[in-house]
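Visitor: Next comes the structure file entry_31.cif, holding mmCIF, C-alpha atoms.
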data_final
loop_
_atom_site.label_atom_id
_atom_site.label_comp_id
_atom_site.auth_asym_id
_atom_site.auth_seq_id
_atom_site.Cartn_x
_atom_site.Cartn_y
_atom_site.Cartn_z
CA MET X 23 47.81 -13.78 30.70
CA ARG X 24 46.75 -11.00 28.50
CA THR X 25 45.26 -11.95 25.25
CA ARG X 26 46.27 -9.76 22.46
CA LEU X 27 43.28 -8.86 20.45
CA ARG X 28 43.72 -8.89 16.79
CA PRO X 29 42.52 -5.77 15.10
CA ARG X 30 39.26 -6.19 13.32
CA ALA X 31 39.60 -6.36 9.65
CA VAL X 32 38.24 -3.33 7.94
CA GLN X 33 35.88 -4.38 5.24
CA VAL X 34 36.81 -2.86 1.96
CA PHE X 35 34.38 -2.95 -0.88
CA LYS X 36 36.02 -4.40 -3.90
CA SER X 37 35.74 -2.66 -7.18
CA SER X 38 33.36 -5.35 -8.34
CA THR X 39 30.84 -4.44 -5.64
CA THR X 40 27.60 -3.30 -7.18
CA ILE X 41 24.72 -1.43 -5.67
CA THR X 42 21.63 -3.57 -5.88
CA ASN X 43 18.29 -2.30 -7.10
CA MET X 44 16.84 -3.25 -3.72
CA SER X 45 14.54 -5.69 -5.39
CA GLY X 46 15.16 -8.00 -2.46
CA ALA X 47 11.50 -7.78 -1.53
CA THR X 48 10.39 -11.37 -1.38
CA GLU X 49 8.05 -12.55 -4.09
CA LEU X 50 4.52 -13.24 -3.06
CA VAL X 51 4.06 -16.97 -2.52
CA VAL X 52 0.67 -18.27 -3.58
CA ASP X 53 -0.27 -21.81 -2.56
CA VAL X 54 -2.69 -23.49 -4.94
CA GLU X 55 -4.90 -26.31 -3.73
CA THR X 56 -6.99 -28.30 -6.17
CA LEU X 57 -10.64 -28.94 -5.36
CA PRO X 58 -13.00 -31.39 -7.12
CA ASP X 59 -14.66 -28.36 -8.73
CA GLY X 60 -11.90 -25.79 -8.78
CA PHE X 61 -9.07 -24.23 -6.83
CA ILE X 62 -8.22 -22.53 -3.56
CA LEU X 63 -5.51 -19.87 -3.87
CA ARG X 64 -3.76 -18.84 -0.69
CA PRO X 65 -1.39 -15.88 -1.07
CA LYS X 66 1.12 -15.42 1.73
CA GLY X 67 2.22 -11.89 2.55
CA ASP X 68 1.33 -8.28 1.81
CA VAL X 69 -0.43 -7.77 -1.51
CA ASP X 70 0.66 -4.37 -2.79
CA MET X 71 1.80 -2.87 -6.08
CA ALA X 72 5.05 -4.83 -5.98
CA ARG X 73 3.43 -8.16 -5.20
CA SER X 74 -0.04 -8.12 -6.76
CA PRO X 75 1.32 -9.19 -10.19
CA ALA X 76 2.25 -12.58 -8.67
CA LEU X 77 -1.33 -13.05 -7.47
CA ARG X 78 -2.67 -11.95 -10.85
CA ILE X 79 -0.56 -14.61 -12.59
CA LYS X 80 -1.84 -17.37 -10.29
CA LEU X 81 -5.44 -16.24 -10.69
CA THR X 82 -5.09 -16.16 -14.46
CA GLU X 83 -3.59 -19.66 -14.48
CA ALA X 84 -6.39 -20.99 -12.30
CA LEU X 85 -9.06 -19.37 -14.46
CA LYS X 86 -7.58 -20.95 -17.59
CA GLY X 87 -8.52 -24.31 -16.06
CA LYS X 88 -12.22 -23.32 -16.35
CA PRO X 89 -13.10 -24.23 -12.75
CA THR X 90 -16.63 -23.92 -11.43
CA ARG X 91 -15.33 -22.58 -8.11
CA LEU X 92 -12.39 -20.33 -7.33
CA VAL X 93 -11.63 -19.50 -3.70
CA VAL X 94 -9.09 -16.92 -2.53
CA ASP X 95 -8.12 -17.61 1.07
CA LEU X 96 -6.66 -14.41 2.55
CA SER X 97 -5.80 -15.80 5.98
CA ASP X 98 -2.09 -15.11 5.39
CA VAL X 99 -2.54 -11.64 3.91
CA PRO X 100 -2.09 -9.05 6.66
CA TYR X 101 -2.15 -6.10 4.25
CA MET X 102 -3.66 -5.30 0.88
CA ASP X 103 -3.81 -2.05 -1.08
CA SER X 104 -5.84 -0.98 -4.10
CA SER X 105 -3.48 -2.88 -6.42
CA GLY X 106 -4.55 -6.05 -4.64
CA LEU X 107 -8.19 -5.01 -4.85
CA ALA X 108 -7.80 -4.34 -8.58
CA THR X 109 -6.38 -7.83 -9.03
CA LEU X 110 -9.36 -9.36 -7.24
CA ILE X 111 -11.81 -7.22 -9.24
CA GLU X 112 -10.20 -8.38 -12.50
CA ALA X 113 -10.67 -11.98 -11.42
CA LEU X 114 -14.23 -11.26 -10.34
CA GLN X 115 -15.06 -9.86 -13.77
CA THR X 116 -13.66 -12.94 -15.50
CA THR X 117 -15.51 -15.31 -13.20
CA ARG X 118 -18.80 -13.47 -13.78
CA LYS X 119 -18.30 -13.68 -17.51
CA ASN X 120 -17.63 -17.40 -17.32
CA LYS X 121 -20.21 -18.22 -14.60
CA ILE X 122 -17.56 -19.31 -12.11
CA LYS X 123 -18.19 -19.03 -8.37
CA PHE X 124 -15.61 -16.62 -6.97
CA ILE X 125 -15.35 -16.58 -3.18
CA VAL X 126 -13.04 -14.66 -0.87
CA CYS X 127 -12.56 -15.92 2.68
CA ASN X 128 -10.60 -15.46 5.91
CA LEU X 129 -10.14 -11.69 5.66
CA SER X 130 -8.14 -10.00 8.39
CA PRO X 131 -9.85 -6.96 9.95
CA ARG X 132 -7.45 -4.68 8.09
CA VAL X 133 -8.14 -6.25 4.69
CA ARG X 134 -11.88 -6.35 5.41
CA SER X 135 -11.83 -2.63 6.23
CA ILE X 136 -10.29 -1.71 2.86
CA LEU X 137 -13.02 -3.70 1.11
CA GLU X 138 -15.60 -1.86 3.19
CA ILE X 139 -14.13 1.56 2.39
CA ALA X 140 -14.14 0.65 -1.31
CA ARG X 141 -17.71 -0.64 -0.90
CA LEU X 142 -16.76 -4.05 -2.25
CA THR X 143 -17.98 -6.33 0.54
CA THR X 144 -21.29 -6.80 -1.21
CA VAL X 145 -19.73 -7.08 -4.65
CA PHE X 146 -17.55 -10.06 -3.74
CA THR X 147 -18.88 -13.21 -2.10
CA VAL X 148 -17.07 -12.82 1.23
CA VAL X 149 -17.29 -15.60 3.81
CA ASP X 150 -15.60 -16.22 7.12
CA ASN X 151 -13.73 -19.45 6.44
CA ARG X 152 -12.87 -22.23 4.01
CA GLU X 153 -15.76 -24.45 5.04
CA GLN X 154 -18.22 -21.74 4.12
CA ALA X 155 -16.30 -21.03 0.92
CA LEU X 156 -16.65 -24.63 -0.19
CA LYS X 157 -20.40 -24.54 0.42
CA ALA X 158 -21.09 -21.10 -1.02
CA MET G 19 6.48 25.65 7.94
CA ASN G 20 9.09 24.23 10.33
CA GLU G 21 11.76 21.82 9.17
CA PRO G 22 10.36 18.32 8.69
CA HIS G 23 11.36 15.70 11.22
CA LEU G 24 12.16 13.40 8.36
CA HIS G 25 12.97 14.19 4.76
CA ALA G 26 13.81 11.37 2.37
CA ARG G 27 14.21 10.89 -1.34
CA ILE G 28 13.35 7.52 -2.79
CA LEU G 29 13.38 6.02 -6.24
CA SER G 30 10.04 5.28 -7.86
CA ARG G 31 10.18 1.54 -7.26
CA PRO G 32 7.27 -0.54 -5.97
CA GLU G 33 9.59 -2.71 -3.88
CA LEU G 34 10.38 0.34 -1.71
CA MET G 35 6.76 0.73 -0.66
CA ALA G 36 6.88 -1.90 2.09
CA PRO G 37 9.85 -0.33 3.93
CA ILE G 38 8.32 3.16 3.56
CA ARG G 39 5.04 1.85 5.02
CA ALA G 40 6.90 0.32 7.93
CA MET G 41 8.87 3.49 8.59
CA LEU G 42 5.79 5.72 8.54
CA CYS G 43 3.90 3.31 10.80
CA GLU G 44 6.74 3.47 13.30
CA LEU G 45 6.84 7.29 13.16
CA ALA G 46 3.06 7.49 13.55
CA SER G 47 3.15 5.16 16.51
CA ARG G 48 5.90 7.20 18.19
CA ALA G 49 3.84 10.33 17.55
CA GLY G 50 0.99 8.84 19.58
CA LEU G 51 -1.36 7.51 16.92
CA ASP G 52 -3.02 4.16 17.53
CA GLU G 53 -2.61 0.99 15.49
CA ALA G 54 -5.62 1.60 13.26
CA GLU G 55 -4.52 5.18 12.54
CA CYS G 56 -0.99 3.98 11.72
CA GLY G 57 -2.56 1.50 9.30
CA HIS G 58 -4.56 4.27 7.67
CA ILE G 59 -1.42 6.35 7.17
CA ALA G 60 0.46 3.39 5.70
CA LEU G 61 -2.31 2.58 3.25
CA SER G 62 -2.77 6.21 2.20
CA ILE G 63 0.92 6.70 1.51
CA ASP G 64 1.01 3.39 -0.30
CA GLU G 65 -1.84 4.59 -2.54
CA ALA G 66 -0.14 7.93 -3.14
CA LEU G 67 3.13 6.21 -4.07
CA THR G 68 1.28 3.84 -6.39
CA ASN G 69 -0.35 6.77 -8.19
CA ILE G 70 2.95 8.62 -8.57
CA ILE G 71 4.81 5.55 -9.85
CA ARG G 72 2.08 4.24 -12.13
CA HIS G 73 0.43 7.38 -13.46
CA GLY G 74 2.98 10.14 -12.82
CA TYR G 75 6.18 8.37 -13.78
CA LYS G 76 4.61 5.66 -16.01
CA ASN G 77 6.47 2.96 -14.06
CA ASP G 78 9.91 4.47 -14.66
CA PRO G 79 11.93 2.95 -11.77
CA ASP G 80 14.57 5.69 -11.61
CA SER G 81 12.51 8.82 -11.01
CA HIS G 82 12.51 10.56 -7.65
CA ILE G 83 9.91 10.99 -4.91
CA TRP G 84 10.51 13.17 -1.86
CA ILE G 85 8.77 12.38 1.41
CA SER G 86 8.69 14.83 4.32
CA VAL G 87 7.14 14.07 7.69
CA TRP G 88 6.19 16.37 10.57
CA GLU G 89 4.92 15.27 13.95
CA LEU G 90 2.00 17.46 15.04
CA GLU G 91 0.66 18.37 18.44
CA ASN G 92 -2.66 19.93 19.46
CA PRO G 93 -4.04 17.72 18.09
CA THR G 94 -1.58 14.84 18.05
CA GLY G 95 -0.94 13.71 14.52
CA LEU G 96 1.34 13.39 11.54
CA ARG G 97 1.67 15.52 8.42
CA ILE G 98 3.20 13.87 5.38
CA GLN G 99 4.17 15.66 2.19
CA MET G 100 5.02 13.83 -1.02
CA ASP G 101 6.62 15.65 -3.94
CA ASP G 102 7.42 14.38 -7.39
CA LEU G 103 8.60 15.68 -10.74
CA ALA G 104 5.90 14.03 -12.81
CA PRO G 105 3.93 16.07 -15.35
CA HIS G 106 1.28 18.34 -13.88
CA VAL G 107 -2.20 16.88 -13.54
CA GLU G 108 -5.32 19.03 -13.46
CA LEU G 109 -6.58 18.94 -9.88
CA GLU G 110 -10.13 18.10 -10.99
CA GLN G 111 -8.77 14.85 -12.40
CA LEU G 112 -7.52 13.75 -8.99
CA LYS G 113 -10.75 12.24 -7.81
CA SER G 114 -12.15 8.81 -7.15
CA ARG G 115 -14.15 6.92 -9.72
CA ASP G 116 -17.82 6.23 -9.11
CA LEU G 117 -17.71 3.39 -6.57
CA ASP G 118 -20.76 1.77 -8.16
CA ASP G 119 -18.78 1.39 -11.37
CA ILE G 120 -17.02 -1.84 -10.43
CA ARG G 121 -13.76 -2.08 -12.33
CA PRO G 122 -10.06 -2.43 -11.52
CA GLY G 123 -8.25 0.77 -10.55
CA GLY G 124 -9.34 4.26 -9.62
CA LEU G 125 -9.72 3.59 -5.91
CA GLY G 126 -6.49 5.14 -4.64
CA VAL G 127 -7.70 8.73 -4.31
CA HIS G 128 -10.93 7.55 -2.69
CA LEU G 129 -8.95 5.57 -0.11
CA ILE G 130 -6.66 8.51 0.66
CA HIS G 131 -9.64 10.84 1.21
CA SER G 132 -11.46 8.22 3.30
CA LEU G 133 -8.52 7.44 5.55
CA MET G 134 -6.87 10.81 6.14
CA ASP G 135 -8.23 13.86 7.95
CA THR G 136 -6.90 16.42 5.49
CA VAL G 137 -5.82 15.89 1.88
CA HIS G 138 -4.40 18.58 -0.36
CA PHE G 139 -3.07 18.11 -3.89
CA SER G 140 -1.28 20.94 -5.64
CA LYS G 141 0.94 21.67 -8.61
CA ARG G 142 4.49 22.54 -7.63
CA PRO G 143 5.65 25.74 -9.33
CA GLU G 144 9.04 24.13 -9.96
CA GLY G 145 7.36 21.20 -11.69
CA GLY G 146 5.72 18.06 -10.46
CA MET G 147 2.88 17.48 -8.03
CA ARG G 148 2.60 17.79 -4.25
CA LEU G 149 0.32 15.89 -1.90
CA VAL G 150 0.03 16.93 1.73
CA VAL G 151 -1.99 14.72 4.06
CA GLU G 152 -2.61 14.87 7.79
CA LYS G 153 -3.86 12.27 10.22
CA PHE G 154 -4.84 13.14 13.78
CA HIS G 155 -5.25 10.88 16.77
CA ALA G 156 -8.99 10.53 17.28
CA LEU G 157 -8.76 10.84 21.07
CA ALA G 158 -6.35 13.75 21.04
CA ASN G 159 -7.36 17.05 22.55
CA ALA G 160 -8.86 18.88 19.55
CA ASN G 161 -7.42 22.34 20.01
CA THR G 162 -7.70 24.53 16.98
CA ASP G 163 -4.04 25.40 16.47
CA VAL G 164 -1.86 22.66 15.08
CA LYS G 165 1.72 22.86 16.27
CA VAL G 166 4.74 21.00 15.01
CA ASN G 167 6.26 18.92 17.78
CA ASN G 168 9.78 17.70 18.43
CA ILE G 169 10.22 13.97 17.95
CA SER G 170 12.35 12.79 20.88
#
Just dump the structure as structure tokens.

Guide:
Amino acid sequence: MRTRLRPRAVQVFKSSTTITNMSGATELVVDVETLPDGFILRPKGDVDMARSPALRIKLTEALKGKPTRLVVDLSDVPYMDSSGLATLIEALQTTRKNKIKFIVCNLSPRVRSILEIARLTTVFTVVDNREQALKA
Amino acid sequence: MNEPHLHARILSRPELMAPIRAMLCELASRAGLDEAECGHIALSIDEALTNIIRHGYKNDPDSHIWISVWELENPTGLRIQMDDLAPHVELEQLKSRDLDDIRPGGLGVHLIHSLMDTVHFSKRPEGGMRLVVEKFHALANANTDVKVNNIS
């Protein structure tokens, strides 16, 4: 028996259809873990011009708590540009002013290379993992 | 110069940077560049876009940026041209800050120069700025003449 196929409905955009601003880029998620002496921030995703403001907000909030240690765990950051670096430098300047230990850990090779090109590996306290960050 | 293999106009919106990076990485990979070189291209274009959006267009989200891409052969590589309609900037101003002066910002031009093999800024006679960058595959046969290839 032959099955009669129904014609596919042609999708017609209704007059109310709007063109989005393509802001569908997901917001940067930043996990915050509380330590006895401070915080570990763990951003998840690329940190570029569109997403670095979210990291800046979380860093500012953490610094308001006057911790003695602030760790940024970059294990889930595959990519960072100079906007991300600028955000970290801002935080570094605040921590220096307030005598807070600021440690960056778990850098991917790609993120480490941008720090190297910008000659920032010796400016930040960069360690391999969380354990070292908690002892630094 | 031959027709570009890709010519696109985008709006000056930061959220478009990730898809542009991905597209250029894919084109660079198809052109024969390795993963690290594709990453260098992505970061350089990201920095150039950031400069145009932030400094050229003062974060106006509805201005235009034109991106043209050519695949190169002899040596294997990619040429990328970015045009805007932002106010002219004196070319001497387009330089990196002193890297020993640790402060936020001012690293974009340094990164572009560090990561790309050729970098050329110019003022467009019709208005706006132009940046042309080239990245070559390190292991490619380094013949002197650069030819534009057909992407297949």

Visitor: Nearest to chain G: which of X:Val51, X:Leu142, X:Val148, X:Leu129 is it, counting all atoms listed in the file?

Guide: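 Looking only at the distances to chain G, the closest residue turns out to be X:Leu142.
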
Visitor: Find the nearest atom pair between each residue of chain G and chain X for residues within 6 Å, count all atoms listed in the file, give distances in Å to one decimal, sort rows by chain and ascending number, and present the table as a Markdown table.

Guide:
| residue | atom | partner | partner_atom | distance |
| --- | --- | --- | --- | --- |
| G:Pro32 | CA | X:Ala72 | CA | 4.8 |
| G:Glu33 | CA | X:Ala72 | CA | 5.4 |
| G:Pro122 | CA | X:Ala108 | CA | 4.2 |
| G:Gly123 | CA | X:Ala108 | CA | 5.5 |

Visitor: Which distance in Å separates atom CA of G:Met147 and atom CA of G:His131, to one decimal?

Guide: 16.9 Å

Visitor: Applied to this file, what does the PyMOL selection byres ((chain X and resi 122) around 9) return in terms of residues, put as a VMD selection string?

Guide: chain X and resid 85 88 to 92 114 116 to 121 123 to 124

Visitor: Mind pulling up the distance from atom CA of X:Asn128 to atom CA of X:Phe61?

Guide: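 Value for the atom CA of X:Phe61-atom CA of X:Asn128 distance: 15.5 Å.
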
Visitor: Can you pull out every residue within 8 Å of stretch 101-108 of chain G, counting all atoms listed in the file, but drop anything in the same chain fewer than 5 positions away, and send it as a list in words?

Guide: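 Counting only the stated atoms, we get Ile70, Gly74, Tyr75, Ser81, His82, Ile83, Trp84, Ile85, Lys141, Gly145, Gly146, Met147, Arg148 and Leu149 of chain G.
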
Visitor: Quick one: residues within 12 Å of G:Ser47, only C-alpha atoms counted, chain neighbours fewer than 4 positions away excluded, as a ChimeraX atom specification?

Guide: /G:40-43,51-60,89,94-96,153-155,169

Visitor: I'd like the neighbourhood of G:Val87 as a ChimeraX atom specification, where a residue qualifies if any of its atoms comes within 6 Å (using only C-alpha atoms), though same-chain residues fewer than 2 positions away should be ignored.

Guide: /G:22-24,97-98

Visitor: Take the residues from that selection and write them out as an mmCIF file, in the coordinates of the input, keeping C-alpha atoms.

Guide:
data_model
loop_
_atom_site.group_PDB
_atom_site.id
_atom_site.type_symbol
_atom_site.label_atom_id
_atom_site.label_comp_id
_atom_site.auth_asym_id
_atom_site.auth_seq_id
_atom_site.Cartn_x
_atom_site.Cartn_y
_atom_site.Cartn_z
ATOM 1 C CA PRO G 22 10.360 18.320 8.690
ATOM 2 C CA HIS G 23 11.360 15.700 11.220
ATOM 3 C CA LEU G 24 12.160 13.400 8.360
ATOM 4 C CA ARG G 97 1.670 15.520 8.420
ATOM 5 C CA ILE G 98 3.200 13.870 5.380
#

Visitor: In Å, with one decimal, what is the gap from atom CA of X:Lys80 to atom CA of X:Val52?

Guide: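 The value is 7.2 Å.
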
Visitor: Counting all atoms listed in the file, which of X:Leu63, X:Pro131, X:Glu138, X:Ala84 gets nearest to X:Arg152?

Guide: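 Nearest candidate to X:Arg152 out of X:Leu63, X:Pro131, X:Glu138, X:Ala84: X:Leu63.
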
Visitor: Distance cut-off 6 Å, centre (-11.5, -18.3, -4.0) in file coordinates, counting all atoms listed in the file: which residues qualify? Return them as a list in words.

Guide: Ile62, Leu92, Val93, Val94, Phe124, Ile125 and Val126 of chain X

Visitor: What lies within 7 Å of X:Gly67 using only C-alpha atoms, ignoring chain neighbours under 5 positions off, as a tab-separated table (two decimals) with C-alpha atoms, keeping the file's coordinate frame?

Guide:
chain	number	residue	atom	x	y	z
X	50	LEU	CA	4.52	-13.24	-3.06
X	98	ASP	CA	-2.09	-15.11	5.39
X	99	VAL	CA	-2.54	-11.64	3.91
X	100	PRO	CA	-2.09	-9.05	6.66

Visitor: Compare X:Val54, X:Gln154, X:Pro65, X:Gly60 by their minimum atom-to-atom distance to X:Leu96, counting all atoms listed in the file, and give me the closest one.

Guide: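 Smallest separation from X:Leu96 among the options: X:Pro65.
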
Visitor: Name the closest residue to G:Glu65 among the candidates G:Arg31, G:His128, G:Arg48, G:His138; distances are taken between atoms, counting only C-alpha atoms.

Guide: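 Nearest to G:Glu65: G:His128.
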
Visitor: Give me, as a list of chain:residue names, all polymer residues having an atom no more than 9 Å from G:Leu109, counting all atoms listed in the file and skipping those fewer than 4 positions away in the same chain.

Guide: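 Counting only the stated atoms, we get G:Lys113, G:Phe139, G:Ser140, G:Lys141.
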
Visitor: For G:Glu21, which residue out of G:Leu45, G:Asp119, G:Ser86, G:Leu67 is the nearest one, using all atoms listed in the file?

Guide: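 Smallest separation from G:Glu21 among the options: G:Ser86.
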